[in-house]
Amino acid sequence: ANVISRKATKDILMRLSNKTALITGASRNIGKQIALTFAREGSNLIINTKNNQELLESVADECRVQGVRVVPVMGDVSNPQEAAAIVQQSLAEFDHIDILVSNVAVRPHKPILAISDEEWNQILNINLNATFYLLKAVLPGMIERQSGSIVAMGGQVAISGRPNTAAVAASKTGLLGLIRAVAAEMAPHGVRANMVNPGFINTERHHPEWYPERSGGQQVKMEEVRKIPLQRQGTTADIANACLFLSSEEAAYITGEQLNVVGGKFMI
């Protein structure tokens with residue numbers, strides 16, 4: 001009889017078996033959950049952060065429980081040399097990268113007239129240029145393999161204008177343009193590129209001043225939730241599952257799109 005082992009059955013059910021994913025901003029919040037979700041689905045991982053190696057190592061340990069290989073790599077992806085070095089180290093460990101999730105971002109709120117030139121350039125460098133640097137490094141291998149999936153992390157400001165977010169909105173809207181252009185250019189090579197826009201997500205905020213909608217306590221939070229048709233705050237798992245879908249073969253005919261994970265807030 002054809003008996004399929006439990007391990008083989010598990011491999012069949014895993015959506016990212018034999019894949020390798022590079023995830024930036026993976027030490028906490030959405031990036032951490034993406035790493036854990038991908039590990040659960042069988043993907044080997046390169047996880048990256050700029051500042052906290054201890055947190056990154058902890059995420060790596062949690063992912064390894066799923067039986068996958070995990071390589072934590074420190075580095076600043078908004079620096080072109082460091083971004084290239086991170087990808088080169090990843091390729092030395094795994095030979096190829098199947099999936100890139102460009103997640104690292106900053107979201108400071110500031111009136112446009114109060115934004116300095118230095119702040120403007122820093123925000124665009126982290127939120128937009130970092131993805132460009134990573135793409136330049138991972139795409140040659142994906143083209144050679146005629147396969148790959150890119151997922152960039154957008155935000156509500158890429159859907160609708162909001163006060164005091166000029167630099168963030170410019171960077172995230174530019175990111176959508178980059179993703180669409182890459183999707184069109186890379187489609188003949190079997191490489192897909194999409195963007196996920198998170199809504200009001202329940203995450204730990206190290207910079208509460210960036211999120212004025214959260215500064216008024218539970219009452220303000222409930223007012224924000226009432227604006228959402230699904231009547232709840234999103235979770236990091238909601239975003240990670242969207243990234244998983246776009247990275248898997250289930251989304252093999254989807255490219256150049258943005259997936260709004262916002263609870264219906266911006267439906268028309």
# chains A, B, ... in the order shown; residues from 1 in each chain; ligands from 1

$ closest_atom_pairs --of "stretch 82-151 of chain A" --to "stretch 34-48 of chain A" --cutoff "12 Å" --atoms "only C-alpha atoms" --output "Markdown table"
| residue | atom | partner | partner_atom | distance |
| --- | --- | --- | --- | --- |
| A:Glu82 | CA | A:Asn48 | CA | 11.3 |
| A:Ala83 | CA | A:Asn48 | CA | 10.1 |
| A:Ala85 | CA | A:Asn48 | CA | 11.8 |
| A:Ile86 | CA | A:Asn48 | CA | 8.3 |
| A:Val87 | CA | A:Ile46 | CA | 9.0 |
| A:Gln88 | CA | A:Ile46 | CA | 11.2 |
| A:Gln89 | CA | A:Ile46 | CA | 9.3 |
| A:Ser90 | CA | A:Ile46 | CA | 6.4 |
| A:Leu91 | CA | A:Ile46 | CA | 9.6 |
| A:Ala92 | CA | A:Ile46 | CA | 11.2 |
| A:Glu93 | CA | A:Ile46 | CA | 9.0 |
| A:Phe94 | CA | A:Asn44 | CA | 8.5 |
| A:Asp95 | CA | A:Asn44 | CA | 11.7 |
| A:His96 | CA | A:Asn44 | CA | 10.8 |
| A:Ile97 | CA | A:Ile46 | CA | 9.0 |
| A:Asp98 | CA | A:Ser43 | CA | 9.5 |
| A:Ile99 | CA | A:Ser43 | CA | 9.4 |
| A:Leu100 | CA | A:Ile46 | CA | 9.6 |
| A:Val101 | CA | A:Ile34 | CA | 8.7 |
| A:Ser102 | CA | A:Asn48 | CA | 10.1 |
| A:Asn103 | CA | A:Ile34 | CA | 9.4 |
| A:Val104 | CA | A:Asn48 | CA | 9.1 |
| A:Val151 | CA | A:Ile34 | CA | 11.2 |

$ residues_around --residues "A:Ala158" --least-positions-apart "2" --cutoff "7 Å" --atoms "only C-alpha atoms" --output "PDB file with all heavy atoms, in the first residue's frame"
ATOM      1  N   GLY A 154       3.138  48.145   3.223  1.00  0.00           N
ATOM      2  CA  GLY A 154       2.646  49.496   3.025  1.00  0.00           C
ATOM      3  C   GLY A 154       2.026  50.057   4.285  1.00  0.00           C
ATOM      4  O   GLY A 154       2.603  49.991   5.365  1.00  0.00           O
ATOM      5  N   GLY A 155       0.819  50.584   4.160  1.00  0.00           N
ATOM      6  CA  GLY A 155       0.139  51.155   5.311  1.00  0.00           C
ATOM      7  C   GLY A 155      -1.100  51.906   4.879  1.00  0.00           C
ATOM      8  O   GLY A 155      -1.371  52.082   3.680  1.00  0.00           O
ATOM      9  N   GLN A 156      -1.872  52.369   5.847  1.00  0.00           N
ATOM     10  CA  GLN A 156      -3.103  53.084   5.539  1.00  0.00           C
ATOM     11  C   GLN A 156      -2.845  54.362   4.742  1.00  0.00           C
ATOM     12  O   GLN A 156      -3.687  54.787   3.949  1.00  0.00           O
ATOM     13  CB  GLN A 156      -3.849  53.424   6.832  1.00  0.00           C
ATOM     14  CG  GLN A 156      -4.365  52.197   7.583  1.00  0.00           C
ATOM     15  CD  GLN A 156      -5.200  52.574   8.792  1.00  0.00           C
ATOM     16  OE1 GLN A 156      -6.311  53.072   8.657  1.00  0.00           O
ATOM     17  NE2 GLN A 156      -4.649  52.359   9.978  1.00  0.00           N
ATOM     18  N   SER A 160      -5.191  56.199   1.792  1.00  0.00           N
ATOM     19  CA  SER A 160      -5.943  57.426   2.017  1.00  0.00           C
ATOM     20  C   SER A 160      -5.044  58.473   2.662  1.00  0.00           C
ATOM     21  O   SER A 160      -4.256  58.159   3.560  1.00  0.00           O
ATOM     22  CB  SER A 160      -7.141  57.134   2.925  1.00  0.00           C
ATOM     23  OG  SER A 160      -7.833  58.316   3.256  1.00  0.00           O
ATOM     24  N   ALA A 169       3.497  59.094   3.900  1.00  0.00           N
ATOM     25  CA  ALA A 169       2.593  58.850   2.775  1.00  0.00           C
ATOM     26  C   ALA A 169       3.346  58.855   1.451  1.00  0.00           C
ATOM     27  O   ALA A 169       3.094  58.020   0.573  1.00  0.00           O
ATOM     28  CB  ALA A 169       1.485  59.898   2.763  1.00  0.00           C
ATOM     29  N   LYS A 172       5.376  55.524   1.265  1.00  0.00           N
ATOM     30  CA  LYS A 172       4.572  54.316   1.077  1.00  0.00           C
ATOM     31  C   LYS A 172       3.852  54.319  -0.272  1.00  0.00           C
ATOM     32  O   LYS A 172       3.673  53.265  -0.891  1.00  0.00           O
ATOM     33  CB  LYS A 172       3.564  54.177   2.221  1.00  0.00           C
ATOM     34  CG  LYS A 172       4.208  53.881   3.568  1.00  0.00           C
ATOM     35  CD  LYS A 172       4.963  52.568   3.554  1.00  0.00           C
ATOM     36  CE  LYS A 172       5.504  52.215   4.921  1.00  0.00           C
ATOM     37  NZ  LYS A 172       6.222  50.919   4.934  1.00  0.00           N
ATOM     38  N   THR A 173       3.440  55.490  -0.740  1.00  0.00           N
ATOM     39  CA  THR A 173       2.845  55.564  -2.067  1.00  0.00           C
ATOM     40  C   THR A 173       3.905  55.297  -3.130  1.00  0.00           C
ATOM     41  O   THR A 173       3.651  54.618  -4.137  1.00  0.00           O
ATOM     42  CB  THR A 173       2.191  56.935  -2.284  1.00  0.00           C
ATOM     43  OG1 THR A 173       1.266  57.193  -1.227  1.00  0.00           O
ATOM     44  CG2 THR A 173       1.456  56.996  -3.612  1.00  0.00           C
TER      45      THR A 173
END

$ residues_around --residues "A:Met153" --least-positions-apart "5" --cutoff "10 Å" --atoms "only C-alpha atoms" --output "PyMOL selection string"
chain A and resi 30-31+101-105+127+131+172+175-176+194-198+239+243+258-259

$ atom_distance --atom1 "atom CA of A:Gln33" --atom2 "atom CA of A:Ser58"
12.5 Å

$ atom_distance --atom1 "atom CA of A:Ser147" --atom2 "atom CA of A:Gly190"
4.8 Å

$ select_by_dssp --residues "stretch 110-192 of chain A" --states "alpha helix (DSSP H)" --output "PyMOL selection string"
chain A and resi 117-124+130-145+166-186

$ closest_residue --among "A:Ala167, A:Ala60, A:Ile23, A:Val182" --to "A:Ala240" --atoms "only C-alpha atoms"
A:Ile23

$ closest_residue --among "A:Ala184, A:Val261, A:Ser247, A:Val65" --to "A:Gln233" --atoms "only C-alpha atoms"
A:Val261

$ decode --residues "stretch 79-92 of chain A" --atoms "all heavy atoms" --output "PDB file, in the first residue's frame"
ATOM      1  N   ASN A  79      20.915  51.191   4.325  1.00  0.00           N
ATOM      2  CA  ASN A  79      22.265  51.443   3.827  1.00  0.00           C
ATOM      3  C   ASN A  79      22.516  50.479   2.671  1.00  0.00           C
ATOM      4  O   ASN A  79      22.447  49.262   2.855  1.00  0.00           O
ATOM      5  CB  ASN A  79      23.286  51.221   4.939  1.00  0.00           C
ATOM      6  CG  ASN A  79      24.717  51.412   4.489  1.00  0.00           C
ATOM      7  OD1 ASN A  79      25.201  50.692   3.613  1.00  0.00           O
ATOM      8  ND2 ASN A  79      25.419  52.349   5.090  1.00  0.00           N
ATOM      9  N   PRO A  80      22.781  50.961   1.465  1.00  0.00           N
ATOM     10  CA  PRO A  80      22.871  50.060   0.306  1.00  0.00           C
ATOM     11  C   PRO A  80      23.952  48.994   0.449  1.00  0.00           C
ATOM     12  O   PRO A  80      23.756  47.850   0.035  1.00  0.00           O
ATOM     13  CB  PRO A  80      23.164  51.002  -0.871  1.00  0.00           C
ATOM     14  CG  PRO A  80      23.609  52.288  -0.265  1.00  0.00           C
ATOM     15  CD  PRO A  80      22.964  52.375   1.078  1.00  0.00           C
ATOM     16  N   GLN A  81      25.083  49.352   1.036  1.00  0.00           N
ATOM     17  CA  GLN A  81      26.156  48.378   1.215  1.00  0.00           C
ATOM     18  C   GLN A  81      25.751  47.279   2.215  1.00  0.00           C
ATOM     19  O   GLN A  81      25.999  46.094   1.992  1.00  0.00           O
ATOM     20  CB  GLN A  81      27.447  49.060   1.680  1.00  0.00           C
ATOM     21  CG  GLN A  81      28.137  49.905   0.620  1.00  0.00           C
ATOM     22  CD  GLN A  81      27.453  51.245   0.382  1.00  0.00           C
ATOM     23  OE1 GLN A  81      26.892  51.828   1.303  1.00  0.00           O
ATOM     24  NE2 GLN A  81      27.509  51.734  -0.848  1.00  0.00           N
ATOM     25  N   GLU A  82      25.094  47.697   3.306  1.00  0.00           N
ATOM     26  CA  GLU A  82      24.674  46.717   4.308  1.00  0.00           C
ATOM     27  C   GLU A  82      23.550  45.833   3.771  1.00  0.00           C
ATOM     28  O   GLU A  82      23.504  44.629   4.050  1.00  0.00           O
ATOM     29  CB  GLU A  82      24.248  47.413   5.599  1.00  0.00           C
ATOM     30  CG  GLU A  82      25.410  48.052   6.358  1.00  0.00           C
ATOM     31  CD  GLU A  82      25.027  48.484   7.763  1.00  0.00           C
ATOM     32  OE1 GLU A  82      24.286  47.745   8.430  1.00  0.00           O
ATOM     33  OE2 GLU A  82      25.467  49.579   8.181  1.00  0.00           O
ATOM     34  N   ALA A  83      22.637  46.418   3.024  1.00  0.00           N
ATOM     35  CA  ALA A  83      21.559  45.618   2.434  1.00  0.00           C
ATOM     36  C   ALA A  83      22.129  44.547   1.510  1.00  0.00           C
ATOM     37  O   ALA A  83      21.730  43.375   1.561  1.00  0.00           O
ATOM     38  CB  ALA A  83      20.590  46.525   1.665  1.00  0.00           C
ATOM     39  N   ALA A  84      23.083  44.931   0.678  1.00  0.00           N
ATOM     40  CA  ALA A  84      23.721  43.965  -0.227  1.00  0.00           C
ATOM     41  C   ALA A  84      24.471  42.894   0.552  1.00  0.00           C
ATOM     42  O   ALA A  84      24.430  41.712   0.193  1.00  0.00           O
ATOM     43  CB  ALA A  84      24.668  44.697  -1.173  1.00  0.00           C
ATOM     44  N   ALA A  85      25.130  43.300   1.636  1.00  0.00           N
ATOM     45  CA  ALA A  85      25.888  42.336   2.453  1.00  0.00           C
ATOM     46  C   ALA A  85      24.956  41.339   3.135  1.00  0.00           C
ATOM     47  O   ALA A  85      25.287  40.153   3.258  1.00  0.00           O
ATOM     48  CB  ALA A  85      26.721  43.085   3.489  1.00  0.00           C
ATOM     49  N   ILE A  86      23.790  41.804   3.582  1.00  0.00           N
ATOM     50  CA  ILE A  86      22.811  40.912   4.210  1.00  0.00           C
ATOM     51  C   ILE A  86      22.350  39.851   3.215  1.00  0.00           C
ATOM     52  O   ILE A  86      22.260  38.666   3.539  1.00  0.00           O
ATOM     53  CB  ILE A  86      21.617  41.731   4.742  1.00  0.00           C
ATOM     54  CG1 ILE A  86      22.037  42.550   5.965  1.00  0.00           C
ATOM     55  CG2 ILE A  86      20.435  40.816   5.095  1.00  0.00           C
ATOM     56  CD1 ILE A  86      21.057  43.638   6.344  1.00  0.00           C
ATOM     57  N   VAL A  87      22.078  40.276   1.989  1.00  0.00           N
ATOM     58  CA  VAL A  87      21.645  39.319   0.971  1.00  0.00           C
ATOM     59  C   VAL A  87      22.773  38.356   0.626  1.00  0.00           C
ATOM     60  O   VAL A  87      22.550  37.144   0.486  1.00  0.00           O
ATOM     61  CB  VAL A  87      21.148  40.050  -0.287  1.00  0.00           C
ATOM     62  CG1 VAL A  87      20.892  39.066  -1.425  1.00  0.00           C
ATOM     63  CG2 VAL A  87      19.871  40.826   0.027  1.00  0.00           C
ATOM     64  N   GLN A  88      24.000  38.857   0.516  1.00  0.00           N
ATOM     65  CA  GLN A  88      25.133  37.983   0.207  1.00  0.00           C
ATOM     66  C   GLN A  88      25.352  36.948   1.310  1.00  0.00           C
ATOM     67  O   GLN A  88      25.629  35.774   1.031  1.00  0.00           O
ATOM     68  CB  GLN A  88      26.398  38.814  -0.002  1.00  0.00           C
ATOM     69  CG  GLN A  88      26.414  39.585  -1.309  1.00  0.00           C
ATOM     70  CD  GLN A  88      26.187  38.676  -2.514  1.00  0.00           C
ATOM     71  OE1 GLN A  88      26.832  37.633  -2.676  1.00  0.00           O
ATOM     72  NE2 GLN A  88      25.239  39.064  -3.368  1.00  0.00           N
ATOM     73  N   GLN A  89      25.217  37.364   2.567  1.00  0.00           N
ATOM     74  CA  GLN A  89      25.342  36.413   3.672  1.00  0.00           C
ATOM     75  C   GLN A  89      24.230  35.372   3.608  1.00  0.00           C
ATOM     76  O   GLN A  89      24.454  34.183   3.865  1.00  0.00           O
ATOM     77  CB  GLN A  89      25.306  37.147   5.014  1.00  0.00           C
ATOM     78  CG  GLN A  89      25.506  36.223   6.211  1.00  0.00           C
ATOM     79  CD  GLN A  89      25.596  36.982   7.527  1.00  0.00           C
ATOM     80  OE1 GLN A  89      25.785  38.203   7.558  1.00  0.00           O
ATOM     81  NE2 GLN A  89      25.443  36.272   8.626  1.00  0.00           N
ATOM     82  N   SER A  90      23.031  35.817   3.267  1.00  0.00           N
ATOM     83  CA  SER A  90      21.905  34.904   3.142  1.00  0.00           C
ATOM     84  C   SER A  90      22.147  33.868   2.050  1.00  0.00           C
ATOM     85  O   SER A  90      21.885  32.675   2.228  1.00  0.00           O
ATOM     86  CB  SER A  90      20.623  35.691   2.832  1.00  0.00           C
ATOM     87  OG  SER A  90      20.375  36.679   3.812  1.00  0.00           O
ATOM     88  N   LEU A  91      22.662  34.333   0.922  1.00  0.00           N
ATOM     89  CA  LEU A  91      22.930  33.422  -0.196  1.00  0.00           C
ATOM     90  C   LEU A  91      24.059  32.453   0.128  1.00  0.00           C
ATOM     91  O   LEU A  91      24.064  31.305  -0.337  1.00  0.00           O
ATOM     92  CB  LEU A  91      23.257  34.230  -1.455  1.00  0.00           C
ATOM     93  CG  LEU A  91      22.099  35.047  -2.028  1.00  0.00           C
ATOM     94  CD1 LEU A  91      22.581  35.930  -3.167  1.00  0.00           C
ATOM     95  CD2 LEU A  91      20.975  34.123  -2.516  1.00  0.00           C
ATOM     96  N   ALA A  92      25.006  32.900   0.936  1.00  0.00           N
ATOM     97  CA  ALA A  92      26.087  32.003   1.351  1.00  0.00           C
ATOM     98  C   ALA A  92      25.557  30.885   2.241  1.00  0.00           C
ATOM     99  O   ALA A  92      26.054  29.755   2.212  1.00  0.00           O
ATOM    100  CB  ALA A  92      27.156  32.803   2.096  1.00  0.00           C
TER     101      ALA A  92
END
